[in-house]
>>> print(open('start-v4.txt').read())   # compact mmCIF, C-alpha atoms
# COMPACT_ATOMS: atom_id res chain seq x y z
CA MET F 1 -12.59 -34.93 29.39
CA SER F 2 -14.12 -32.47 26.91
CA SER F 3 -11.71 -30.33 24.92
CA ASP F 4 -11.26 -26.61 25.53
CA LYS F 5 -13.48 -24.45 23.32
CA VAL F 6 -11.68 -21.39 22.02
CA LEU F 7 -12.62 -18.44 19.83
CA LEU F 8 -9.73 -16.69 18.04
CA VAL F 9 -10.32 -13.07 16.98
CA ASP F 10 -7.74 -11.42 14.71
CA ASP F 11 -7.93 -9.58 11.39
CA GLU F 12 -4.67 -11.16 10.18
CA VAL F 13 -6.22 -14.02 8.20
CA GLU F 14 -3.14 -16.22 7.67
CA PHE F 15 -2.15 -15.87 11.33
CA VAL F 16 -5.49 -16.89 12.78
CA GLU F 17 -6.09 -19.77 10.34
CA THR F 18 -2.64 -21.26 11.01
CA LEU F 19 -2.96 -20.84 14.78
CA ALA F 20 -6.40 -22.50 14.64
CA GLU F 21 -4.97 -25.47 12.74
CA ARG F 22 -2.15 -25.89 15.28
CA MET F 23 -4.56 -25.67 18.21
CA ARG F 24 -6.94 -28.21 16.67
CA ALA F 25 -4.00 -30.59 16.19
CA ARG F 26 -3.49 -30.28 19.97
CA GLY F 27 -7.06 -31.31 20.69
CA LEU F 28 -8.73 -27.93 21.17
CA HIS F 29 -12.06 -27.07 19.63
CA VAL F 30 -11.38 -23.82 17.78
CA ASP F 31 -13.55 -21.27 15.98
CA TYR F 32 -12.22 -18.03 14.57
CA THR F 33 -13.37 -14.70 13.23
CA HIS F 34 -11.60 -11.67 11.77
CA SER F 35 -13.54 -8.86 13.43
CA GLY F 36 -14.97 -7.60 16.69
CA ASP F 37 -18.47 -7.75 15.21
CA GLY F 38 -17.88 -11.37 14.27
CA ALA F 39 -16.74 -12.16 17.82
CA ILE F 40 -19.86 -10.63 19.35
CA GLU F 41 -22.05 -12.63 17.00
CA LYS F 42 -20.29 -15.95 17.74
CA VAL F 43 -20.22 -15.43 21.51
CA GLY F 44 -23.94 -14.74 21.38
CA LYS F 45 -24.55 -18.17 19.87
CA LYS F 46 -22.03 -20.42 21.61
CA THR F 47 -20.20 -20.80 24.92
CA TYR F 48 -16.41 -20.62 24.84
CA ASP F 49 -13.88 -21.44 27.53
CA ALA F 50 -11.68 -18.60 26.31
CA ILE F 51 -11.55 -15.85 23.71
CA VAL F 52 -8.13 -14.97 22.27
CA LEU F 53 -8.51 -11.39 21.08
CA ASP F 54 -6.19 -9.13 19.08
CA LEU F 55 -6.14 -5.54 20.36
CA ALA F 56 -5.50 -3.75 17.04
CA MET F 57 -8.25 -4.50 14.53
CA PRO F 58 -10.09 -2.43 11.92
CA GLY F 59 -13.54 -1.17 12.75
CA MET F 60 -14.49 -2.25 16.25
CA ASP F 61 -11.05 -2.59 17.81
CA GLY F 62 -10.06 -5.10 20.49
CA MET F 63 -10.75 -2.77 23.41
CA GLU F 64 -14.25 -1.91 22.25
CA THR F 65 -14.93 -5.58 21.51
CA LEU F 66 -13.69 -6.52 25.00
CA ARG F 67 -16.00 -3.95 26.64
CA HIS F 68 -18.99 -5.26 24.72
CA LEU F 69 -18.19 -8.90 25.45
CA ILE F 70 -17.56 -8.39 29.20
CA ASP F 71 -20.64 -6.19 29.61
CA ASN F 72 -22.87 -8.87 28.11
CA HIS F 73 -21.03 -11.99 29.30
CA PRO F 74 -19.36 -11.20 32.66
CA ASP F 75 -17.93 -14.72 33.09
CA LEU F 76 -16.25 -14.67 29.72
CA GLN F 77 -12.50 -15.27 29.88
CA VAL F 78 -10.60 -13.10 27.41
CA ILE F 79 -6.90 -13.38 26.63
CA LEU F 80 -5.50 -10.41 24.71
CA LEU F 81 -2.81 -10.58 22.07
CA THR F 82 -0.70 -7.45 21.88
CA GLY F 83 2.08 -5.99 19.81
CA GLN F 84 4.92 -3.88 21.21
CA GLY F 85 3.04 -0.65 21.03
CA THR F 86 -0.08 -1.85 22.78
CA ILE F 87 1.27 -3.23 26.07
CA ALA F 88 -0.09 -0.25 28.03
CA ALA F 89 -3.48 -0.82 26.43
CA ALA F 90 -3.29 -4.50 27.37
CA VAL F 91 -2.67 -3.61 31.01
CA GLU F 92 -5.63 -1.25 30.87
CA ALA F 93 -7.73 -4.00 29.33
CA THR F 94 -6.99 -6.37 32.22
CA LYS F 95 -8.51 -3.73 34.50
CA LEU F 96 -11.60 -3.81 32.28
CA GLY F 97 -11.94 -7.53 32.81
CA ALA F 98 -9.56 -9.32 30.47
CA GLN F 99 -8.11 -12.45 32.07
CA ASP F 100 -4.57 -12.09 30.73
CA PHE F 101 -2.49 -10.85 27.83
CA MET F 102 0.35 -12.16 25.70
CA GLN F 103 2.75 -10.40 23.40
CA LYS F 104 3.09 -11.45 19.81
CA PRO F 105 4.74 -13.55 18.43
CA THR F 106 3.01 -16.09 20.62
CA ASP F 107 4.36 -19.31 22.07
CA ILE F 108 1.50 -21.73 21.40
CA ASP F 109 2.22 -23.93 24.42
CA LYS F 110 2.10 -20.92 26.77
CA LEU F 111 -1.06 -19.70 25.09
CA ILE F 112 -2.72 -23.08 25.60
CA GLU F 113 -1.71 -23.03 29.28
CA LYS F 114 -3.47 -19.68 29.62
CA ILE F 115 -6.53 -21.09 27.85
CA LYS F 116 -6.66 -24.02 30.30
CA SER F 117 -6.39 -21.58 33.22
CA ALA F 118 -9.20 -19.54 31.69
CA ARG F 119 -11.38 -22.65 31.40
CA ALA F 120 -10.73 -23.56 35.03
CA LYS F 121 -11.68 -20.05 36.12
CA ARG F 122 -14.85 -20.10 34.05
CA MET F 123 -15.89 -23.43 35.55
CA GLN F 124 -15.17 -22.10 39.04
CA LEU F 125 -17.35 -19.04 38.39
CA ALA F 126 -20.12 -21.27 37.03
CA GLU F 127 -19.96 -23.49 40.15
CA GLN F 128 -20.07 -20.46 42.43
CA ARG F 129 -23.11 -19.14 40.60
CA SER F 130 -24.85 -22.53 40.83
CA ALA F 131 -24.11 -22.73 44.54
CA ALA F 132 -25.48 -19.22 45.06
CA GLU F 133 -28.63 -20.05 43.11
CA ILE F 134 -29.19 -23.24 45.14
CA GLU F 135 -28.74 -21.33 48.38
CA ASP F 136 -31.17 -18.68 47.19
CA ILE F 137 -33.79 -21.32 46.36
CA LEU F 138 -33.31 -23.04 49.71
CA SER F 139 -33.63 -19.80 51.65
CA ARG F 140 -36.76 -18.75 49.75
CA LYS F 141 -38.37 -22.14 50.24
CA GLY F 142 -37.44 -22.09 53.89
CA TRP F 143 -35.85 -25.57 53.65
CA MET M 144 6.69 33.08 11.37
CA GLU M 145 5.88 33.24 15.06
CA LYS M 146 8.29 31.35 17.32
CA GLU M 147 5.40 29.35 18.77
CA ASP M 148 4.28 28.25 15.31
CA SER M 149 7.84 27.18 14.42
CA ARG M 150 8.04 25.13 17.58
CA LEU M 151 4.65 23.53 16.90
CA LEU M 152 5.68 22.58 13.37
CA TRP M 153 8.95 21.10 14.61
CA GLU M 154 7.28 19.10 17.39
CA ARG M 155 4.49 17.85 15.19
CA GLY M 156 6.97 16.91 12.47
CA LEU M 157 8.90 14.76 14.95
CA GLN M 158 5.67 13.19 16.20
CA PHE M 159 4.62 12.40 12.64
CA LEU M 160 7.95 10.78 11.82
CA GLY M 161 8.01 8.79 15.07
CA ARG M 162 4.39 7.64 15.10
CA GLN M 163 4.25 6.52 11.49
CA THR M 164 7.58 4.71 11.77
CA ALA M 165 6.28 2.91 14.88
CA ALA M 166 3.03 2.05 13.10
CA GLN M 167 4.91 0.48 10.21
CA CYS M 168 7.11 -1.45 12.66
CA HIS M 169 3.87 -2.86 14.10
CA GLU M 170 3.01 -4.03 10.60
CA VAL M 171 6.35 -5.83 10.38
CA THR M 172 5.53 -7.54 13.70
CA ASN M 173 2.34 -8.85 12.10
CA VAL M 174 4.43 -10.41 9.35
CA PHE M 175 6.68 -12.08 11.93
CA ASN M 176 3.59 -13.39 13.73
CA VAL M 177 2.34 -15.10 10.61
CA ILE M 178 5.75 -16.55 9.79
CA ASN M 179 6.10 -17.70 13.41
CA GLU M 180 2.85 -19.66 13.22
CA MET M 181 3.60 -21.15 9.81
CA VAL M 182 7.07 -22.26 10.90
CA GLY M 183 5.48 -23.64 14.04
CA LEU M 184 3.00 -25.61 11.94
CA MET M 185 5.83 -27.06 9.86
CA GLY M 186 7.50 -28.06 13.10
CA ASP M 187 4.26 -29.70 14.26
CA LEU M 188 3.98 -31.66 11.00
CA ALA M 189 7.61 -32.78 11.25
CA TRP M 190 7.11 -33.85 14.89
CA GLY M 191 4.02 -35.83 13.85
CA ALA M 192 6.04 -37.60 11.15
CA GLN M 193 8.95 -38.39 13.49
CA ASN M 194 6.99 -39.38 16.59
CA LYS M 195 3.56 -40.47 15.44
CA GLY M 196 4.34 -41.94 12.05
CA ARG M 197 2.06 -39.45 10.30
CA PRO M 198 3.10 -39.15 6.65
CA LEU M 199 4.32 -35.74 5.54
CA ASP M 200 2.30 -34.30 2.66
CA PRO M 201 4.78 -32.67 0.25
CA ASP M 202 2.02 -30.54 -1.30
CA ARG M 203 1.22 -29.13 2.12
CA LEU M 204 4.88 -28.28 2.70
CA VAL M 205 5.11 -26.59 -0.70
CA GLU M 206 1.99 -24.60 0.13
CA LEU M 207 3.41 -23.50 3.48
CA THR M 208 6.82 -22.55 2.12
CA GLY M 209 5.09 -20.51 -0.58
CA LYS M 210 3.05 -18.67 2.04
CA ILE M 211 6.14 -17.99 4.14
CA ALA M 212 7.95 -16.63 1.08
CA ALA M 213 4.99 -14.36 0.38
CA GLN M 214 5.10 -13.03 3.95
CA VAL M 215 8.84 -12.38 3.63
CA GLN M 216 8.10 -10.31 0.50
CA ARG M 217 5.39 -8.46 2.39
CA GLY M 218 7.83 -7.74 5.21
CA ASN M 219 10.46 -6.53 2.75
CA THR M 220 7.98 -4.14 1.17
CA ILE M 221 7.11 -2.66 4.55
CA VAL M 222 10.77 -2.33 5.61
CA ARG M 223 11.56 -0.59 2.31
CA ALA M 224 8.71 1.82 2.96
CA ILE M 225 10.00 2.50 6.49
CA ASN M 226 13.47 3.13 5.11
CA GLN M 227 12.26 5.52 2.40
CA PHE M 228 9.99 7.31 4.83
CA GLY M 229 12.78 7.67 7.38
CA HIS M 230 15.10 9.12 4.75
CA SER M 231 12.43 11.74 3.97
CA ALA M 232 13.84 13.59 6.96
CA ASP M 233 17.43 13.58 5.65
CA THR M 234 17.23 17.12 4.33
CA PRO M 235 14.76 19.92 5.05
CA ARG M 236 14.56 20.68 1.35
CA ALA M 237 14.94 18.44 -1.69
CA VAL M 238 13.66 17.90 -5.20
CA PHE M 239 11.29 14.93 -5.27
CA ASP M 240 8.92 13.26 -7.67
CA LEU M 241 5.33 14.09 -6.71
CA ARG M 242 3.81 10.77 -7.74
CA ALA M 243 6.51 8.70 -6.00
CA VAL M 244 6.11 10.59 -2.72
CA LEU M 245 2.32 10.43 -2.86
CA GLU M 246 2.56 6.66 -3.41
CA GLN M 247 4.86 6.47 -0.41
CA ILE M 248 2.56 8.37 1.93
CA THR M 249 -0.46 6.44 0.64
CA PHE M 250 1.31 3.21 1.59
CA ILE M 251 2.01 4.61 5.07
CA ALA M 252 -1.58 5.77 5.44
CA ARG M 253 -3.33 2.58 4.37
CA ARG M 254 -3.24 0.99 7.85
CA PRO M 255 -4.71 4.00 9.75
CA ALA M 256 -7.39 4.14 7.07
CA ALA M 257 -8.10 0.41 7.39
CA LEU M 258 -8.34 0.71 11.18
CA SER M 259 -11.03 3.32 10.54
CA LYS M 260 -12.68 0.84 8.16
CA THR M 261 -11.99 3.14 5.22
CA ALA M 262 -10.67 2.03 1.85
CA LEU M 263 -7.85 4.28 0.68
CA GLU M 264 -7.49 4.61 -3.07
CA THR M 265 -5.39 6.67 -5.43
CA ASP M 266 -6.27 8.49 -8.63
CA PHE M 267 -2.97 9.50 -10.18
CA PRO M 268 -2.47 10.63 -13.78
CA ASP M 269 0.41 9.23 -15.80
CA GLN M 270 2.22 12.55 -15.77
CA THR M 271 4.12 13.66 -12.75
CA VAL M 272 6.14 16.68 -11.72
CA SER M 273 9.15 17.44 -9.56
CA LEU M 274 8.56 19.60 -6.51
CA GLU M 275 11.25 21.25 -4.46
CA ASN M 276 10.17 21.31 -0.84
CA SER M 277 10.48 19.43 2.43
CA PRO M 278 9.75 15.78 1.53
CA LEU M 279 8.75 14.98 5.11
CA GLY M 280 6.69 18.14 5.54
CA PHE M 281 4.88 17.54 2.26
CA GLN M 282 3.97 13.99 3.30
CA GLN M 283 2.83 15.28 6.67
CA ALA M 284 0.53 17.77 4.94
CA VAL M 285 -1.07 15.07 2.82
CA PHE M 286 -1.34 12.74 5.82
CA THR M 287 -2.92 15.49 7.93
CA ALA M 288 -5.49 16.13 5.21
CA LEU M 289 -6.26 12.42 5.24
CA GLN M 290 -6.58 12.42 9.06
CA ILE M 291 -9.00 15.33 8.84
CA ALA M 292 -11.04 13.41 6.27
CA LEU M 293 -11.07 10.32 8.51
CA SER M 294 -12.09 12.36 11.57
CA ALA M 295 -14.66 14.47 9.77
CA SER M 296 -16.56 11.61 8.23
CA SER M 297 -19.19 9.80 10.26
CA GLU M 298 -19.36 6.92 7.85
CA ARG M 299 -16.46 4.80 6.83
CA ARG M 300 -16.26 3.98 3.18
CA ARG M 301 -13.70 5.35 0.75
CA ILE M 302 -11.17 8.17 0.49
CA THR M 303 -9.27 8.90 -2.72
CA ILE M 304 -5.96 10.74 -2.95
CA GLY M 305 -5.25 12.34 -6.32
CA TYR M 306 -3.42 15.16 -8.01
CA THR M 307 -3.55 17.34 -11.10
CA LEU M 308 -0.73 19.34 -12.58
CA VAL M 309 -1.11 23.10 -12.77
CA ASP M 310 1.19 25.70 -14.29
CA SER M 311 2.72 26.66 -10.99
CA GLY M 312 3.02 23.18 -9.55
CA ALA M 313 0.44 20.60 -8.46
CA ARG M 314 -3.01 20.43 -6.87
CA ILE M 315 -3.36 17.56 -4.41
CA GLU M 316 -6.86 16.39 -3.48
CA VAL M 317 -8.21 14.20 -0.71
CA VAL M 318 -11.76 13.29 -1.62
CA SER M 319 -14.18 11.43 0.62
CA ASP M 320 -17.23 9.50 -0.59
CA ASP M 321 -19.04 10.87 2.44
CA ALA M 322 -19.58 14.52 3.21
CA LEU M 323 -17.07 15.86 5.68
CA GLU M 324 -18.33 17.86 8.63
CA HIS M 325 -16.27 20.54 10.28
CA HIS M 326 -16.86 19.85 13.98
CA ASP M 327 -14.92 20.39 17.22
CA ALA M 328 -12.96 17.17 16.92
CA VAL M 329 -11.26 18.35 13.72
CA SER M 330 -10.85 22.06 14.50
CA GLU M 331 -7.39 21.72 15.95
CA GLN M 332 -6.28 19.49 13.08
CA VAL M 333 -7.58 22.04 10.58
CA VAL M 334 -5.68 24.90 12.23
CA PHE M 335 -2.46 22.90 12.17
CA PHE M 336 -3.08 21.78 8.58
CA ARG M 337 -3.43 25.36 7.36
CA LEU M 338 -0.29 26.39 9.26
CA LEU M 339 1.73 23.50 7.84
CA VAL M 340 0.66 24.01 4.23
CA GLN M 341 1.39 27.73 4.48
CA ALA M 342 4.82 27.03 6.02
CA LEU M 343 5.56 24.76 3.06
CA GLY M 344 4.78 27.58 0.64
CA GLY M 345 1.50 26.07 -0.46
CA CYS M 346 -2.11 27.08 -0.03
CA VAL M 347 -5.24 25.31 1.11
CA GLU M 348 -7.65 25.79 -1.77
CA ARG M 349 -10.71 23.95 -0.47
CA LEU M 350 -11.43 22.50 2.94
CA MET M 351 -14.84 20.94 3.54
CA GLU M 352 -16.65 23.88 1.93
CA ALA M 353 -20.42 24.03 2.11
CA ASP M 354 -20.72 23.76 -1.68
CA ASP M 355 -18.31 20.79 -1.78
CA PRO M 356 -18.07 19.02 1.59
CA HIS M 357 -16.27 15.99 0.19
CA ARG M 358 -13.00 17.62 -0.73
CA ILE M 359 -9.75 18.87 0.80
CA THR M 360 -7.50 20.51 -1.79
CA MET M 361 -4.05 22.02 -1.49
CA VAL M 362 -1.78 23.52 -4.11
CA PHE M 363 1.99 23.35 -3.92
CA PRO M 364 4.41 25.25 -6.16
CA LYS M 365 7.21 23.54 -8.04
CA GLN M 366 9.67 25.57 -6.06
CA THR M 367 9.49 27.69 -2.96
CA SER M 368 11.90 30.31 -1.75
CA GLU M 369 14.01 29.29 1.22
CA GLY M 370 13.40 30.65 4.73
>>> encode(input="start-v4.txt", output="C-alpha cells")
Amino acid sequence: MSSDKVLLVDDEVEFVETLAERMRARGLHVDYTHSGDGAIEKVGKKTYDAIVLDLAMPGMDGMETLRHLIDNHPDLQVILLTGQGTIAAAVEATKLGAQDFMQKPTDIDKLIEKIKSARAKRMQLAEQRSAAEIEDILSRKGW
Amino acid sequence: MEKEDSRLLWERGLQFLGRQTAAQCHEVTNVFNVINEMVGLMGDLAWGAQNKGRPLDPDRLVELTGKIAAQVQRGNTIVRAINQFGHSADTPRAVFDLRAVLEQITFIARRPAALSKTALETDFPDQTVSLENSPLGFQQAVFTALQIALSASSERRRITIGYTLVDSGARIEVVSDDALEHHDAVSEQVVFFRLLVQALGGCVERLMEADDPHRITMVFPKQTSEG
C-alpha cells in the first residue's frame, strides 16, 4: 500500500521541519514549504493526498492560499491548522472547501487520521470522475 | 474635546490594548506548538529505542534540548513584552523613556509588519529623553502611524521607525521605502491618527506629503498639561 503524500505549509520553520520528521518516521511521504506561494508552486508540480495549511502566514495568508488551491485543484483535500484566534476563520474556510481543521498544538496521531480520511476522499472523488468519464465515452460512442 | 471624540479615543484605546495583547498571545501559542512537536519527537525517539531497539543518538538529543531551550527563551521574551505592554495602561499619565517605549512598540508591531511581508527596522540614536504622557496612548499613536504606512503602501518592503531629539521633546518618524499613497482605505485611520496625536498634546508634522510621500512624522513634547 503506497504511503500518504502530504504537503505541510507553515511559516514556523522549526515547527514544520519537526512535524515532517515525525510524520516521515510514521511512514508518510512529506514535503513542506513555508509560504502560500511555495504551496501553490508545489501543488502545481505534484499530487498530494492532503495539504496541511496554517491559516496565519506572512504574505499570501492561509485563506488566500486555500482559495487559490481549491479554485485550481477542486479535488484537493486541505486540512487547516488554526490558533485560538482563528477558529471562526477556520469554520469559514471549511465553507470555502477545506476538508477539516485542527487547533494547535496538534496531536500528530489525530492529524494523521485526518490525512488518511482526506486520502480516502480524494480517491473516492477520482473514482467518481473516472466513472463519469467512462459513462460519457460510452454514451457518445453509442455502446 | 468633543464627547464623541473622547468616546472614540477610549474605545480605540481599549481595542488597541486588547488586539495587540491577543496577537502576542498567538505568538506564544506558536512557541508552544514548536515545543510540542520537539517534545513529541523526543518521545518518538525514546519509543523507538524501547520498542524497536533503535539506538538513541545523544547528539540528536542535545540538539533537540538546545532547540527547546531556545524556544522557551523566545516564549519568555514574548511574555515579558505582553506584561510590559499590559502595564502601559496602569496609569493615564507617566514619565517614560522614549527609546524603551519605542523598542517595546516595535517588538509588538513586528508580527503585523511581517504578515504584510514588510521588514520593520529601527533607527534610534544613542541619546534618549523622558516624556511625560500616556504610555499606552503614545504607543498607540506610533502603532497607528505604522498601520497607515502598511495600508498606504502598495509594495511590501521596509519601514523604519526612528526619532530625533528636539528642544521641546522628540520627533518620531515612520519612514517607508515605498511612497505612501493617501487613498480611501487609509482616510479613516488618518483622521483618527490626527485626533489621537492632538489629544496626547503632540502634533502631526508630516503625513504622506506630496513633496515627501515616504514619511509620517509626529512631535511630542517632554511634558503636556493635564486635562
>>> residues_around(input="start-v4.txt", residues="Ala322 in chain M", least_positions_apart="6", cutoff="7 Å", atoms="all atoms listed in the file", output="PyMOL selection string")
chain M and resi 296+356-357
>>> closest_atom_pairs(input="start-v4.txt", of="chain F", to="chain M", cutoff="7 Å", atoms="only C-alpha atoms", output="JSON lines")
{"residue": "F:Glu14", "atom": "CA", "partner": "M:Val177", "partner_atom": "CA", "distance": 6.3}
{"residue": "F:Phe15", "atom": "CA", "partner": "M:Val177", "partner_atom": "CA", "distance": 4.6}
{"residue": "F:Thr18", "atom": "CA", "partner": "M:Glu180", "partner_atom": "CA", "distance": 6.1}
{"residue": "F:Leu19", "atom": "CA", "partner": "M:Glu180", "partner_atom": "CA", "distance": 6.1}
{"residue": "F:Arg22", "atom": "CA", "partner": "M:Leu184", "partner_atom": "CA", "distance": 6.1}
{"residue": "F:Met57", "atom": "CA", "partner": "M:Leu258", "partner_atom": "CA", "distance": 6.2}
{"residue": "F:Pro58", "atom": "CA", "partner": "M:Leu258", "partner_atom": "CA", "distance": 3.7}
{"residue": "F:Gly59", "atom": "CA", "partner": "M:Lys260", "partner_atom": "CA", "distance": 5.1}
{"residue": "F:Gly83", "atom": "CA", "partner": "M:His169", "partner_atom": "CA", "distance": 6.8}
{"residue": "F:Lys104", "atom": "CA", "partner": "M:Asn176", "partner_atom": "CA", "distance": 6.4}
{"residue": "F:Pro105", "atom": "CA", "partner": "M:Asn176", "partner_atom": "CA", "distance": 4.8}
>>> residues_near_point(input="start-v4.txt", point="(-8.1, -26.3, 28.4)", cutoff="12 Å", atoms="all atoms listed in the file", output="MDAnalysis selection string")
chainID F and resid 1:6 23:24 26:30 48:51 77 109:123
>>> write_last_selection(input="start-v4.txt", atoms="C-alpha atoms", output="PDB file, keeping the file's coordinate frame")
ATOM      1  CA  MET F   1     -12.590 -34.930  29.390  1.00  0.00           C
ATOM      2  CA  SER F   2     -14.120 -32.470  26.910  1.00  0.00           C
ATOM      3  CA  SER F   3     -11.710 -30.330  24.920  1.00  0.00           C
ATOM      4  CA  ASP F   4     -11.260 -26.610  25.530  1.00  0.00           C
ATOM      5  CA  LYS F   5     -13.480 -24.450  23.320  1.00  0.00           C
ATOM      6  CA  VAL F   6     -11.680 -21.390  22.020  1.00  0.00           C
ATOM      7  CA  MET F  23      -4.560 -25.670  18.210  1.00  0.00           C
ATOM      8  CA  ARG F  24      -6.940 -28.210  16.670  1.00  0.00           C
ATOM      9  CA  ARG F  26      -3.490 -30.280  19.970  1.00  0.00           C
ATOM     10  CA  GLY F  27      -7.060 -31.310  20.690  1.00  0.00           C
ATOM     11  CA  LEU F  28      -8.730 -27.930  21.170  1.00  0.00           C
ATOM     12  CA  HIS F  29     -12.060 -27.070  19.630  1.00  0.00           C
ATOM     13  CA  VAL F  30     -11.380 -23.820  17.780  1.00  0.00           C
ATOM     14  CA  TYR F  48     -16.410 -20.620  24.840  1.00  0.00           C
ATOM     15  CA  ASP F  49     -13.880 -21.440  27.530  1.00  0.00           C
ATOM     16  CA  ALA F  50     -11.680 -18.600  26.310  1.00  0.00           C
ATOM     17  CA  ILE F  51     -11.550 -15.850  23.710  1.00  0.00           C
ATOM     18  CA  GLN F  77     -12.500 -15.270  29.880  1.00  0.00           C
ATOM     19  CA  ASP F 109       2.220 -23.930  24.420  1.00  0.00           C
ATOM     20  CA  LYS F 110       2.100 -20.920  26.770  1.00  0.00           C
ATOM     21  CA  LEU F 111      -1.060 -19.700  25.090  1.00  0.00           C
ATOM     22  CA  ILE F 112      -2.720 -23.080  25.600  1.00  0.00           C
ATOM     23  CA  GLU F 113      -1.710 -23.030  29.280  1.00  0.00           C
ATOM     24  CA  LYS F 114      -3.470 -19.680  29.620  1.00  0.00           C
ATOM     25  CA  ILE F 115      -6.530 -21.090  27.850  1.00  0.00           C
ATOM     26  CA  LYS F 116      -6.660 -24.020  30.300  1.00  0.00           C
ATOM     27  CA  SER F 117      -6.390 -21.580  33.220  1.00  0.00           C
ATOM     28  CA  ALA F 118      -9.200 -19.540  31.690  1.00  0.00           C
ATOM     29  CA  ARG F 119     -11.380 -22.650  31.400  1.00  0.00           C
ATOM     30  CA  ALA F 120     -10.730 -23.560  35.030  1.00  0.00           C
ATOM     31  CA  LYS F 121     -11.680 -20.050  36.120  1.00  0.00           C
ATOM     32  CA  ARG F 122     -14.850 -20.100  34.050  1.00  0.00           C
ATOM     33  CA  MET F 123     -15.890 -23.430  35.550  1.00  0.00           C
TER      34      MET F 123
END
>>> residues_around(input="start-v4.txt", residues="Ile291 in chain M", least_positions_apart="5", cutoff="8 Å", atoms="all atoms listed in the file", output="CSV table (one decimal) with C-alpha atoms, in the frame of the given file")
chain,number,residue,atom,x,y,z
M,329,VAL,CA,-11.3,18.4,13.7
M,332,GLN,CA,-6.3,19.5,13.1
M,333,VAL,CA,-7.6,22.0,10.6
>>> atom_distance(input="start-v4.txt", atom1="CA of Gly305 in chain M", atom2="CA of Phe267 in chain M")
5.3 Å
>>> residues_near_point(input="start-v4.txt", point="(-11.0, -13.3, 12.0)", cutoff="9 Å", atoms="only C-alpha atoms", output="ChimeraX atom specification")
/F:8-13,16-17,32-36,38-39
>>> write_last_selection(input="start-v4.txt", atoms="C-alpha atoms", output="JSON list (two decimals), keeping the file's coordinate frame")
[["chain", "number", "residue", "atom", "x", "y", "z"],
["F", 8, "LEU", "CA", -9.73, -16.69, 18.04],
["F", 9, "VAL", "CA", -10.32, -13.07, 16.98],
["F", 10, "ASP", "CA", -7.74, -11.42, 14.71],
["F", 11, "ASP", "CA", -7.93, -9.58, 11.39],
["F", 12, "GLU", "CA", -4.67, -11.16, 10.18],
["F", 13, "VAL", "CA", -6.22, -14.02, 8.20],
["F", 16, "VAL", "CA", -5.49, -16.89, 12.78],
["F", 17, "GLU", "CA", -6.09, -19.77, 10.34],
["F", 32, "TYR", "CA", -12.22, -18.03, 14.57],
["F", 33, "THR", "CA", -13.37, -14.70, 13.23],
["F", 34, "HIS", "CA", -11.60, -11.67, 11.77],
["F", 35, "SER", "CA", -13.54, -8.86, 13.43],
["F", 36, "GLY", "CA", -14.97, -7.60, 16.69],
["F", 38, "GLY", "CA", -17.88, -11.37, 14.27],
["F", 39, "ALA", "CA", -16.74, -12.16, 17.82]]
>>> atom_distance(input="start-v4.txt", atom1="CA of Leu350 in chain M", atom2="CA of Asp269 in chain M")
25.8 Å
>>> atom_distance(input="start-v4.txt", atom1="CA of Thr65 in chain F", atom2="CA of Ala295 in chain M")
23.2 Å
>>> closest_residue(input="start-v4.txt", among="M:Glu331, M:Arg358, M:Thr164, M:Gly186", to="Val222 in chain M", atoms="all atoms listed in the file")
M:Thr164
>>> decode(input="start-v4.txt", residues="range 58-70 of chain F", atoms="N, CA and C atoms", output="mmCIF file, in the first residue's frame")
data_model
loop_
_atom_site.group_PDB
_atom_site.id
_atom_site.type_symbol
_atom_site.label_atom_id
_atom_site.label_comp_id
_atom_site.auth_asym_id
_atom_site.auth_seq_id
_atom_site.Cartn_x
_atom_site.Cartn_y
_atom_site.Cartn_z
ATOM 1 N N PRO F 58 2.700 35.087 6.740
ATOM 2 C CA PRO F 58 3.027 36.350 6.077
ATOM 3 C C PRO F 58 2.785 36.277 4.573
ATOM 4 N N GLY F 59 2.546 37.437 4.001
ATOM 5 C CA GLY F 59 2.327 37.485 2.555
ATOM 6 C C GLY F 59 0.973 36.899 2.214
ATOM 7 N N MET F 60 0.967 35.913 1.338
ATOM 8 C CA MET F 60 -0.303 35.255 0.990
ATOM 9 C C MET F 60 -0.700 34.395 2.188
ATOM 10 N N ASP F 61 -1.760 34.803 2.887
ATOM 11 C CA ASP F 61 -2.119 34.066 4.102
ATOM 12 C C ASP F 61 -2.839 32.764 3.748
ATOM 13 N N GLY F 62 -3.169 31.987 4.781
ATOM 14 C CA GLY F 62 -3.744 30.664 4.565
ATOM 15 C C GLY F 62 -5.046 30.709 3.786
ATOM 16 N N MET F 63 -5.885 31.707 4.069
ATOM 17 C CA MET F 63 -7.196 31.773 3.409
ATOM 18 C C MET F 63 -7.039 32.030 1.917
ATOM 19 N N GLU F 64 -6.164 32.965 1.591
ATOM 20 C CA GLU F 64 -5.924 33.292 0.190
ATOM 21 C C GLU F 64 -5.284 32.099 -0.531
ATOM 22 N N THR F 65 -4.368 31.429 0.152
ATOM 23 C CA THR F 65 -3.739 30.240 -0.414
ATOM 24 C C THR F 65 -4.791 29.166 -0.663
ATOM 25 N N LEU F 66 -5.674 28.964 0.307
ATOM 26 C CA LEU F 66 -6.743 27.963 0.178
ATOM 27 C C LEU F 66 -7.610 28.260 -1.041
ATOM 28 N N ARG F 67 -8.017 29.525 -1.191
ATOM 29 C CA ARG F 67 -8.870 29.905 -2.337
ATOM 30 C C ARG F 67 -8.180 29.563 -3.649
ATOM 31 N N HIS F 68 -6.910 29.906 -3.749
ATOM 32 C CA HIS F 68 -6.156 29.672 -4.973
ATOM 33 C C HIS F 68 -6.033 28.182 -5.240
ATOM 34 N N LEU F 69 -5.743 27.418 -4.198
ATOM 35 C CA LEU F 69 -5.551 25.967 -4.375
ATOM 36 C C LEU F 69 -6.859 25.289 -4.796
ATOM 37 N N ILE F 70 -7.958 25.619 -4.109
ATOM 38 C CA ILE F 70 -9.253 24.976 -4.394
ATOM 39 C C ILE F 70 -9.755 25.381 -5.772
#
